[in-house]
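Note: the block below is my_file21.tsv and it holds TSV, C-alpha atoms and all ligand atoms.
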```tsv
chain	number	residue	atom	x	y	z
A	183	MET	CA	68.61	157.79	235.64
A	184	LEU	CA	68.19	154.36	234.16
A	185	LYS	CA	68.16	151.60	236.79
A	186	ALA	CA	70.13	148.45	236.04
A	187	CYS	CA	70.48	145.02	237.60
A	188	ILE	CA	73.74	143.15	237.05
A	189	ALA	CA	73.12	139.44	237.42
A	190	GLY	CA	76.33	137.47	237.92
A	191	ALA	CA	78.11	140.51	239.35
A	192	THR	CA	80.94	138.50	240.95
A	193	GLY	CA	82.10	137.01	237.64
A	194	TYR	CA	84.67	138.54	235.32
A	195	THR	CA	82.14	140.08	232.93
A	196	GLY	CA	79.87	141.14	235.82
A	197	LEU	CA	82.77	142.96	237.47
A	198	GLU	CA	83.52	144.78	234.23
A	199	LEU	CA	79.86	145.79	234.01
A	200	ILE	CA	80.03	147.27	237.51
A	201	ARG	CA	83.18	149.23	236.63
A	202	LEU	CA	81.64	150.54	233.39
A	203	LEU	CA	78.25	151.45	234.88
A	204	LEU	CA	79.85	153.28	237.82
A	205	GLN	CA	81.34	155.64	235.23
A	206	HIS	CA	78.18	155.87	233.10
A	207	PRO	CA	76.42	159.21	233.61
A	208	ASP	CA	72.91	157.91	232.77
A	209	ILE	CA	72.78	154.49	234.44
A	210	GLU	CA	72.74	153.57	238.11
A	211	ILE	CA	73.13	150.08	239.52
A	212	ALA	CA	70.00	149.06	241.41
A	213	HIS	CA	70.82	145.40	242.18
A	214	ILE	CA	73.73	143.00	241.94
A	215	THR	CA	73.21	139.26	242.11
A	216	ALA	CA	75.30	136.16	242.68
A	217	ASP	CA	74.70	132.46	243.17
A	218	ALA	CA	77.04	130.79	245.71
A	219	ASN	CA	78.14	134.25	246.91
A	220	LYS	CA	74.66	135.67	247.51
A	221	GLY	CA	74.28	137.33	250.89
A	222	LYS	CA	77.90	138.52	250.90
A	223	ARG	CA	79.03	142.08	250.34
A	224	MET	CA	80.80	142.84	247.09
A	225	SER	CA	84.17	143.62	248.76
A	226	GLU	CA	84.22	140.17	250.40
A	227	VAL	CA	84.23	138.53	246.99
A	228	CYS	CA	86.06	141.26	245.04
A	229	PRO	CA	88.41	143.30	247.25
A	230	SER	CA	88.97	145.72	244.33
A	231	MET	CA	85.52	147.14	245.12
A	232	GLU	CA	86.39	147.98	248.77
A	233	GLY	CA	85.20	151.50	249.50
A	234	ILE	CA	83.98	151.96	245.93
A	235	PHE	CA	80.92	149.78	245.53
A	236	ASP	CA	80.12	147.53	248.44
A	237	ARG	CA	76.48	146.59	247.91
A	238	GLU	CA	75.06	143.25	249.11
A	239	LEU	CA	74.80	140.48	246.53
A	240	VAL	CA	71.26	139.14	246.31
A	241	GLU	CA	69.65	136.15	244.65
A	242	LEU	CA	68.42	136.58	241.07
A	243	THR	CA	64.61	136.49	241.27
A	244	PRO	CA	61.98	137.74	238.80
A	245	ASP	CA	60.80	140.51	241.17
A	246	LEU	CA	64.16	142.35	240.78
A	247	ALA	CA	62.94	143.44	237.36
A	248	ARG	CA	60.11	145.47	238.92
A	249	ASP	CA	62.33	148.38	239.88
A	250	CYS	CA	64.78	148.11	236.99
A	251	ASP	CA	64.78	149.34	233.40
A	252	VAL	CA	67.45	146.94	232.19
A	253	MET	CA	68.82	143.59	233.29
A	254	PHE	CA	72.39	142.68	232.34
A	255	LEU	CA	72.64	138.90	232.60
A	256	ALA	CA	76.28	137.81	233.03
A	257	LEU	CA	75.47	134.21	233.92
A	258	PRO	CA	76.64	130.84	232.65
A	259	HIS	CA	74.69	129.69	229.61
A	260	THR	CA	71.25	128.17	230.36
A	261	ALA	CA	71.20	129.74	233.86
A	262	ALA	CA	68.69	132.48	233.01
A	263	MET	CA	66.83	131.46	229.88
A	264	ASP	CA	63.85	130.41	232.00
A	265	LYS	CA	63.80	133.79	233.81
A	266	VAL	CA	64.12	136.08	230.79
A	267	PRO	CA	60.39	135.98	229.88
A	268	ALA	CA	59.40	137.25	233.34
A	269	PHE	CA	61.92	140.11	233.13
A	270	LEU	CA	60.55	141.14	229.73
A	271	GLU	CA	56.93	140.80	230.84
A	272	ALA	CA	57.73	143.10	233.79
A	273	GLY	CA	58.65	145.76	231.23
A	274	CYS	CA	62.39	145.46	231.63
A	275	LYS	CA	64.83	145.29	228.72
A	276	VAL	CA	67.42	142.54	228.79
A	277	VAL	CA	71.01	142.32	227.59
A	278	ASP	CA	72.03	138.69	227.92
A	279	LEU	CA	75.79	138.06	227.82
A	280	SER	CA	75.32	134.29	227.68
A	281	ALA	CA	74.69	132.23	224.58
A	282	ASP	CA	71.04	131.48	225.37
A	283	PHE	CA	69.42	133.73	222.77
A	284	ARG	CA	72.18	134.07	220.17
A	285	LEU	CA	71.26	131.17	217.89
A	286	ARG	CA	68.18	131.72	215.72
A	287	ASP	CA	67.32	128.02	215.49
A	288	PRO	CA	66.42	126.26	218.77
A	289	ASN	CA	67.45	122.93	217.20
A	290	VAL	CA	70.94	124.29	216.56
A	291	PHE	CA	71.01	125.51	220.18
A	292	GLU	CA	70.07	122.03	221.41
A	293	GLU	CA	72.63	120.36	219.14
A	294	TRP	CA	75.55	122.47	220.43
A	295	TYR	CA	74.45	123.12	224.04
A	296	LYS	CA	73.07	119.61	224.64
A	297	THR	CA	69.87	120.82	226.25
A	298	PRO	CA	66.52	121.94	224.85
A	299	HIS	CA	65.80	125.68	224.88
A	300	VAL	CA	63.17	126.42	227.53
A	301	SER	CA	62.02	129.79	226.16
A	302	PRO	CA	62.12	129.26	222.37
A	303	GLN	CA	59.22	131.67	221.83
A	304	TRP	CA	61.60	134.57	222.68
A	305	ILE	CA	64.40	133.59	220.31
A	306	GLU	CA	62.75	135.27	217.34
A	307	GLU	CA	62.45	138.54	219.20
A	308	ALA	CA	66.09	138.51	220.34
A	309	VAL	CA	68.51	140.66	218.34
A	310	TYR	CA	72.13	139.58	217.94
A	311	GLY	CA	73.98	142.40	219.65
A	312	LEU	CA	76.79	143.22	217.27
A	313	PRO	CA	76.15	146.94	216.61
A	314	GLU	CA	78.36	146.97	213.50
A	315	LEU	CA	75.89	144.57	211.85
A	316	HIS	CA	72.53	145.09	213.60
A	317	ARG	CA	72.49	148.66	214.92
A	318	GLU	CA	68.97	149.60	213.78
A	319	LYS	CA	67.41	146.40	215.17
A	320	ILE	CA	69.23	146.78	218.47
A	321	LYS	CA	67.75	150.28	218.87
A	322	ILE	CA	64.22	148.85	219.04
A	323	ALA	CA	65.01	145.54	220.76
A	324	ARG	CA	63.72	144.46	224.15
A	325	LEU	CA	66.05	141.46	224.27
A	326	VAL	CA	69.62	141.65	223.00
A	327	ALA	CA	71.77	138.53	222.76
A	328	ASN	CA	75.24	139.90	223.35
A	329	PRO	CA	77.73	138.09	221.08
A	330	GLY	CA	80.35	135.64	222.27
A	331	CYS	CA	83.94	136.87	222.57
A	332	TYR	CA	85.45	134.74	219.81
A	333	PRO	CA	82.51	135.45	217.44
A	334	THR	CA	82.93	139.20	217.95
A	335	GLY	CA	86.56	139.07	216.84
A	336	ALA	CA	86.08	136.57	214.01
A	337	ILE	CA	82.91	138.14	212.58
A	338	LEU	CA	84.34	141.67	212.57
A	339	ALA	CA	87.44	140.34	210.77
A	340	LEU	CA	85.44	138.57	208.05
A	341	ALA	CA	82.24	140.61	207.65
A	342	PRO	CA	83.49	143.01	204.93
A	343	LEU	CA	84.32	140.05	202.68
A	344	MET	CA	80.94	138.36	202.76
A	345	GLN	CA	79.25	140.29	199.97
A	346	CYS	CA	82.03	141.43	197.66
A	347	GLY	CA	82.53	138.16	195.75
A	348	TRP	CA	86.31	138.30	196.16
A	349	VAL	CA	86.76	135.23	198.36
A	350	ASP	CA	85.72	131.59	198.29
A	351	LEU	CA	83.09	131.46	201.04
A	352	ASP	CA	83.82	127.75	201.54
A	353	SER	CA	87.44	128.43	202.46
A	354	LEU	CA	87.03	130.44	205.68
A	355	ILE	CA	89.29	129.65	208.64
A	356	ALA	CA	89.27	131.49	211.97
A	357	ASP	CA	92.32	130.73	214.08
A	358	CYS	CA	91.78	132.50	217.41
A	359	LYS	CA	93.82	132.93	220.58
A	360	SER	CA	92.21	133.92	223.85
A	361	GLY	CA	93.43	135.03	227.25
A	362	VAL	CA	92.48	132.85	230.20
A	363	SER	CA	89.77	135.19	231.52
A	364	GLY	CA	87.66	133.98	228.57
A	365	ALA	CA	86.84	130.91	230.65
A	366	GLY	CA	85.37	132.99	233.47
A	367	ARG	CA	86.19	133.09	237.17
A	368	LYS	CA	84.81	129.70	238.13
A	369	LEU	CA	87.39	127.04	239.00
A	370	ASN	CA	88.53	124.99	236.06
A	371	ALA	CA	91.60	122.73	235.89
A	372	SER	CA	92.76	123.90	232.46
A	373	THR	CA	92.83	127.55	233.49
A	374	GLN	CA	94.86	127.07	236.69
A	375	PHE	CA	98.21	128.88	236.63
A	376	CYS	CA	100.41	125.80	236.24
A	377	GLU	CA	98.28	124.45	233.41
A	378	ALA	CA	97.87	127.68	231.43
A	379	ASN	CA	101.15	129.49	232.06
A	380	GLU	CA	104.13	129.20	229.66
A	381	GLY	CA	102.26	127.17	227.08
A	382	VAL	CA	99.79	127.52	224.24
A	383	SER	CA	97.16	124.89	223.56
A	384	ALA	CA	94.42	124.32	221.05
A	385	TYR	CA	91.10	123.13	222.46
A	386	GLY	CA	87.53	122.48	221.30
A	387	LEU	CA	88.63	121.81	217.70
A	388	THR	CA	85.51	121.02	215.60
A	389	THR	CA	83.30	121.19	218.70
A	390	HIS	CA	83.54	124.71	220.13
A	391	ARG	CA	80.10	126.21	220.75
A	392	HIS	CA	80.97	129.53	219.15
A	393	THR	CA	81.19	127.83	215.74
A	394	PRO	CA	77.45	127.97	214.87
A	395	GLU	CA	77.28	131.58	216.02
A	396	ILE	CA	80.08	132.66	213.67
A	397	GLU	CA	78.51	130.67	210.82
A	398	GLN	CA	75.03	132.08	211.50
A	399	GLU	CA	76.11	135.72	211.29
A	400	LEU	CA	78.52	135.37	208.36
A	401	GLY	CA	75.99	133.18	206.49
A	402	ALA	CA	73.30	135.83	207.00
A	403	LEU	CA	75.62	138.47	205.53
A	404	ALA	CA	76.62	136.22	202.62
A	405	GLY	CA	72.97	135.33	201.91
A	406	ARG	CA	73.61	131.60	202.08
A	407	PRO	CA	74.62	128.99	204.68
A	408	LEU	CA	78.37	128.53	205.07
A	409	ARG	CA	80.84	126.68	207.23
A	410	VAL	CA	83.85	128.11	209.04
A	411	VAL	CA	86.83	126.14	210.37
A	412	PHE	CA	87.18	127.55	213.89
A	413	ALA	CA	90.33	126.80	215.88
A	414	PRO	CA	90.39	128.29	219.41
A	415	HIS	CA	93.60	128.43	221.46
A	416	LEU	CA	94.31	129.28	225.08
A	417	MET	CA	97.14	131.78	225.60
A	418	PRO	CA	99.01	132.49	228.82
A	419	MET	CA	97.69	136.04	229.15
A	420	THR	CA	94.85	137.42	231.24
A	421	ARG	CA	92.85	139.25	228.57
A	422	GLY	CA	92.53	139.70	224.84
A	423	ILE	CA	91.63	137.73	221.74
A	424	LEU	CA	93.67	137.75	218.57
A	425	SER	CA	91.81	136.29	215.60
A	426	THR	CA	93.72	135.43	212.46
A	427	VAL	CA	91.28	134.57	209.69
A	428	TYR	CA	92.08	133.16	206.26
A	429	ALA	CA	90.10	133.18	203.02
A	430	ASN	CA	91.08	132.01	199.55
A	431	LEU	CA	90.90	134.75	196.94
A	432	SER	CA	88.67	133.76	194.06
A	433	GLU	CA	88.93	137.05	192.15
A	434	GLU	CA	91.80	139.24	191.04
A	435	VAL	CA	91.80	141.96	193.64
A	436	THR	CA	94.59	144.29	194.69
A	437	PRO	CA	95.78	144.94	198.26
A	438	ASP	CA	94.60	148.53	197.90
A	439	GLN	CA	91.09	147.40	196.95
A	440	VAL	CA	90.88	145.14	200.01
A	441	GLN	CA	92.20	147.84	202.30
A	442	GLU	CA	89.66	150.30	200.87
A	443	ARG	CA	86.83	147.78	201.24
A	444	TYR	CA	87.54	147.40	204.98
A	445	ARG	CA	87.95	151.16	205.46
A	446	GLU	CA	84.63	151.80	203.73
A	447	PHE	CA	82.79	149.04	205.64
A	448	TYR	CA	83.91	150.41	209.02
A	449	ARG	CA	84.12	154.10	208.03
A	450	ASP	CA	81.54	155.35	210.55
A	451	GLU	CA	82.15	152.78	213.26
A	452	PRO	CA	83.20	154.42	216.52
A	453	PHE	CA	85.00	151.35	217.88
A	454	VAL	CA	86.55	149.56	214.89
A	455	ARG	CA	89.91	150.74	213.59
A	456	VAL	CA	91.23	149.43	210.28
A	457	LEU	CA	95.01	149.64	210.59
A	458	PRO	CA	97.18	151.06	207.81
A	459	ALA	CA	98.50	148.56	205.24
A	460	GLY	CA	101.35	146.50	206.64
A	461	LYS	CA	100.18	146.81	210.27
A	462	PHE	CA	98.59	143.87	212.08
A	463	ALA	CA	96.37	143.60	215.12
A	464	ASP	CA	97.90	143.25	218.59
A	465	THR	CA	95.87	142.55	221.73
A	466	ARG	CA	98.14	144.87	223.77
A	467	GLN	CA	96.84	147.84	221.79
A	468	VAL	CA	93.15	147.27	222.61
A	469	VAL	CA	92.93	145.72	226.08
A	470	ARG	CA	90.81	147.50	228.68
A	471	SER	CA	88.87	149.22	225.92
A	472	ASN	CA	85.88	148.68	223.61
A	473	PHE	CA	88.05	148.96	220.49
A	474	CYS	CA	88.63	146.37	217.81
A	475	HIS	CA	91.74	146.67	215.61
A	476	ILE	CA	91.83	145.03	212.20
A	477	GLY	CA	94.97	144.53	210.08
A	478	ILE	CA	94.99	142.96	206.63
A	479	ALA	CA	97.60	141.00	204.67
A	480	HIS	CA	97.11	140.16	200.99
A	481	ASP	CA	99.20	137.13	200.08
A	482	SER	CA	99.38	137.18	196.29
A	483	ARG	CA	101.79	134.20	196.32
A	484	THR	CA	99.20	131.83	197.87
A	485	LYS	CA	96.16	133.85	196.73
A	486	ARG	CA	94.90	134.23	200.28
A	487	LEU	CA	93.71	137.04	202.45
A	488	ILE	CA	94.91	136.94	206.04
A	489	VAL	CA	93.03	139.30	208.33
A	490	THR	CA	93.86	139.88	211.98
A	491	SER	CA	91.56	141.35	214.60
A	492	ALA	CA	92.21	142.13	218.25
A	493	ILE	CA	89.70	142.79	221.02
A	494	ASP	CA	89.50	142.60	224.80
A	495	ASN	CA	87.38	139.49	225.40
A	496	LEU	CA	85.88	140.94	228.59
A	497	LEU	CA	85.03	144.30	226.97
A	498	LYS	CA	84.29	144.45	223.22
A	499	GLY	CA	83.91	140.66	223.55
A	500	ALA	CA	81.41	141.01	226.43
A	501	SER	CA	80.71	143.84	228.90
A	502	SER	CA	81.51	147.07	227.06
A	503	GLN	CA	79.72	145.72	224.01
A	504	ALA	CA	76.75	145.07	226.35
A	505	VAL	CA	76.86	148.73	227.45
A	506	GLN	CA	77.17	149.82	223.79
A	507	ASN	CA	74.00	147.81	223.10
A	508	CYS	CA	72.24	149.28	226.14
A	509	ASN	CA	73.13	152.79	224.95
A	510	LEU	CA	71.48	152.00	221.61
A	511	MET	CA	68.40	150.40	223.25
A	512	PHE	CA	67.79	153.49	225.41
A	513	ASP	CA	68.71	156.09	222.80
A	514	PHE	CA	71.83	157.33	224.57
A	515	PRO	CA	74.84	158.27	222.45
A	516	GLU	CA	76.30	154.92	221.44
A	517	THR	CA	79.76	155.69	222.82
A	518	ARG	CA	78.62	157.02	226.20
A	519	GLY	CA	80.75	155.68	229.05
A	520	LEU	CA	82.95	153.77	226.61
A	521	GLU	CA	85.26	156.41	225.17
A	522	SER	CA	88.34	155.66	227.25
A	523	ALA	CA	91.48	154.71	225.34
A	524	PRO	CA	93.04	151.26	225.67
A	525	VAL	CA	95.47	150.90	228.58
A	526	PHE	CA	99.04	150.47	227.33
A	527	PRO	CA	101.42	149.06	228.42
B	601	LIG	N1	84.66	135.63	230.16
B	601	LIG	C1	84.53	136.12	228.93
B	601	LIG	O1	85.51	136.55	228.28
B	601	LIG	C2	83.17	136.15	228.28
B	601	LIG	C3	83.06	136.80	227.04
B	601	LIG	C4	81.81	136.84	226.40
B	601	LIG	C5	80.71	136.23	226.99
B	601	LIG	N2	80.86	135.59	228.18
B	601	LIG	C6	79.67	134.95	228.75
B	601	LIG	O2	79.22	135.76	229.83
B	601	LIG	C7	78.65	134.94	230.85
B	601	LIG	C8	79.40	135.22	232.15
B	601	LIG	O3	80.77	134.88	231.97
B	601	LIG	P1	81.89	135.15	233.09
B	601	LIG	O4	83.18	134.84	232.43
B	601	LIG	O5	81.69	136.47	233.73
B	601	LIG	O6	81.52	133.98	234.15
B	601	LIG	P2	82.03	133.78	235.65
B	601	LIG	O7	83.24	134.61	235.90
B	601	LIG	O8	82.13	132.32	235.88
B	601	LIG	O9	80.81	134.39	236.54
B	601	LIG	C9	79.56	133.78	236.58
B	601	LIG	C10	78.62	134.60	237.48
B	601	LIG	O10	77.32	133.99	237.46
B	601	LIG	C11	76.92	133.61	238.80
B	601	LIG	N3	76.23	132.32	238.67
B	601	LIG	C12	76.78	131.11	238.43
B	601	LIG	N4	75.82	130.17	238.31
B	601	LIG	C13	74.62	130.81	238.51
B	601	LIG	C14	73.26	130.38	238.53
B	601	LIG	N5	72.92	129.10	238.32
B	601	LIG	N6	72.29	131.30	238.76
B	601	LIG	C15	72.61	132.60	238.98
B	601	LIG	N7	73.89	133.08	238.97
B	601	LIG	C16	74.87	132.18	238.73
B	601	LIG	C17	78.22	133.54	239.60
B	601	LIG	O11	77.93	133.81	240.96
B	601	LIG	P3	78.83	133.22	242.19
B	601	LIG	O12	80.06	134.09	242.28
B	601	LIG	O13	77.96	133.37	243.38
B	601	LIG	O14	79.16	131.80	241.84
B	601	LIG	C18	79.04	134.67	238.94
B	601	LIG	O15	78.62	135.91	239.46
B	601	LIG	C19	78.80	133.49	230.36
B	601	LIG	O16	77.62	133.08	229.74
B	601	LIG	C20	79.93	133.59	229.35
B	601	LIG	O17	79.89	132.57	228.37
B	601	LIG	C21	82.05	135.56	228.83
```
Show me the file's structure as structure tokens.
Ligand SMILES: NC(=O)c1ccc[n+]([C@@H]2O[C@H](COP(=O)([O-])OP(=O)(O)OC[C@H]3O[C@@H](n4cnc5c(N)ncnc54)[C@H](OP(=O)(O)O)[C@@H]3O)[C@@H](O)[C@H]2O)c1
Amino acid sequence: MLKACIAGATGYTGLELIRLLLQHPDIEIAHITADANKGKRMSEVCPSMEGIFDRELVELTPDLARDCDVMFLALPHTAAMDKVPAFLEAGCKVVDLSADFRLRDPNVFEEWYKTPHVSPQWIEEAVYGLPELHREKIKIARLVANPGCYPTGAILALAPLMQCGWVDLDSLIADCKSGVSGAGRKLNASTQFCEANEGVSAYGLTTHRHTPEIEQELGALAGRPLRVVFAPHLMPMTRGILSTVYANLSEEVTPDQVQERYREFYRDEPFVRVLPAGKFADTRQVVRSNFCHIGIAHDSRTKRLIVTSAIDNLLKGASSQAVQNCNLMFDFPETRGLESAPVFP
């Protein structure tokens, strides 16, 4: 059995990791860590774990890596980038759910995260953990930078268009709506019930930190730098991200050709479903699963493609994608422990 440490186990993504690994036949949880909650038992902080998994929460220290094969880091950004080298040097593999190793250029990291990177020598080795784009590199990686939730949805919606020459690559817009759990469990005024319920608000326009991540991955696919207008919104729902992306058509292309392009691009993907023509993505059809649904509209009147994608931000946008990456890193079947259908209603 593979031994795993879940760092940040009391947070929303950490809790999902516990739930997923408890059902995984090849991975056992060796340690769980917390910060303010260290020293408590899991059920004190998360009553849902009462009688199921009630281990003590310990402090995250480098020596935890000694008896683990893999560290899942579900910590706020910058909280673990100084510790990652010690985990790797101890022979442990790392799946980091934070943003610390996602951006290839440490200057871009500093620009958007307002702090210098403290382990820049490891950025080059890190692999961006979107299996649909980087599967072969993930298989041999020691350090996987698990993608952000919005980038997962937006990149999967746009990726098939980056190399076909059908769209104007300078016209990309990603209009994305997230459930409130995207902000994590920590207290935050804008995610309190009275502030988030019964309303929809845009936030972080032109400044959201997921912007350079989306541009980095789509630019790499396109073979040239590009910019994306990214508009995040907070929705009064607990989970899910709906991304609606727009691109101007620069070539004559039929709806059938576009539909076929997406089907071909994702033909062998176990977790991406391209919906039949005329059907659009809906978060209710994917939540509590690792699936991503994609639905395409071809607007010949305005010469635009409108593509919708839906994911669960805590799963395909975070923890189940982390397990998918871990499966690849340790040569398990990629879908192991992740096959369950979405929960509907
Ligand atoms: N939420 C999402 O939808 C989502 C999606 C994709 C990626 N992510 C990323 O995943 C990471 C975790 O997100 P989350 O939503 O699960 O956050 P969260 O609910 O706020 O949980 C954070 C966890 O980290 C621990 N922690 C906080 N500060 C720490 C420190 N300085 N050192 C060690 N541990 C510390 C907390 O422990 P205590 O309970 O003791 O405070 C808690 O267990 C973040 O980087 C986030 O950006 C989140």
Which residues, written as a PDB file with C-alpha atoms, in the coordinates of the input, have at least one atom at most 6 Å from segment 494-508 of chain A, with only C-alpha atoms counted and residues fewer than 4 positions away on the same chain left out?
```
ATOM      1  CA  THR A 195      82.140 140.080 232.930  1.00  0.00           C
ATOM      2  CA  LEU A 199      79.860 145.790 234.010  1.00  0.00           C
ATOM      3  CA  CYS A 331      83.940 136.870 222.570  1.00  0.00           C
ATOM      4  CA  THR A 334      82.930 139.200 217.950  1.00  0.00           C
ATOM      5  CA  GLY A 422      92.530 139.700 224.840  1.00  0.00           C
ATOM      6  CA  ILE A 423      91.630 137.730 221.740  1.00  0.00           C
ATOM      7  CA  VAL A 469      92.930 145.720 226.080  1.00  0.00           C
ATOM      8  CA  ASN A 472      85.880 148.680 223.610  1.00  0.00           C
ATOM      9  CA  GLU A 516      76.300 154.920 221.440  1.00  0.00           C
TER      10      GLU A 516
END
```
At a cut-off of 9 Å, using only C-alpha atoms, what residues contact Val276 of chain A? Leave out same-chain residues fewer than 2 positions from it and give the result as a list in words. Asp251, Val252, Met253, Phe254, Leu255, Val266, Phe269, Leu270, Cys274, Asp278, Ala323, Arg324, Leu325, Val326, Ala327 and Cys508 of chain A
Counting all atoms listed in the file, write as number ranges by chain all protein and nucleic acid residues lying at most 12 Å from (65.3, 148.2, 215.8) in the file's frame. A: 307-311, 313, 315-326, 507, 510-513
Residues at most 12 Å from segment 227-233 of chain A, counting only C-alpha atoms, excluding those fewer than 4 positions away in the same chain, as an MDAnalysis selection string? chainID A and resid 191:194 196:198 200:201 204 216:223 237:239 367
Grab all the atoms of ligand LIG 601 (chain B) that the file lists, wrap them in a box along x, y and z, add 6 Å per side, and give me centre plus edge lengths in Å (one decimal) as JSON.
```
{"center_x": 78.9, "center_y": 133.0, "center_z": 234.9, "size_x": 25.2, "size_y": 19.7, "size_z": 29.0}
```
Minimum-distance residue to Arg470 of chain A, chosen among A:Val362, A:Ala186, A:Ala378, A:Leu202 (using all atoms listed in the file): A:Leu202
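In this comparison, which uses only C-alpha atoms, the residue of A:Gln303, A:Thr436, A:Asn328, A:Gln398 approaching Ser280 of chain A most closely is A:Asn328.
With distances taken over all atoms listed in the file, A:Glu314 is the one residue among A:Ala281, A:Pro437, A:Glu314, A:Thr484 lying closest to Ala339 of chain A.
Comparing A:Met419, A:Leu257, A:Ile211, A:Leu343 by their smallest distance to Thr373 of chain A, the closest is A:Met419 (using all atoms listed in the file).
With distances restricted to all atoms listed in the file, A:Ser425 is the closest residue to Lys359 of chain A from A:Gln345, A:Gln441, A:Ser425, A:Ser491.
Excluding segment 242-246 of chain A itself and same-chain residues fewer than 5 positions from it, the residues having an atom within 7 Å of it are Ala189, Thr215, Lys265, Ala268 and Phe269 of chain A, counting only C-alpha atoms.
In this structure, atom CA of Glu306 of chain A sits 14.9 Å away from atom CA of Val277 of chain A.
Note that the spacing between atom CA of Ile209 of chain A and atom CA of Pro527 of chain A amounts to 29.8 Å.
A straight line drawn from atom C7 of ligand LIG 601 (chain B) to atom CA of Thr388 of chain A is 21.8 Å long.
Distances to ligand LIG 601 (chain B) were evaluated for A:Leu279, A:Ala247, A:Met344, A:Cys376 using all atoms listed in the file, and the minimum falls at A:Leu279.
Taking only C-alpha atoms into account, those protein, DNA and RNA residues with any atom at most 10 Å away from (94.2, 139.8, 204.4) amount to Ala339, Leu340, Thr426, Val427, Tyr428, Ala429, Asn430, Leu431, Pro437, Val440, Gln441, Ala459, Phe462, Ile476, Gly477, Ile478, Ala479, His480, Asp481, Ser482, Lys485, Arg486, Leu487, Ile488, Val489 and Thr490 of chain A.
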Report as a PyMOL selection string all protein, DNA and RNA residues lying within 8 Å of Met263 of chain A, evaluated on all atoms listed in the file, omitting residues in the same chain fewer than 3 positions from it. chain A and resi 260+266-267+282-283+299-301
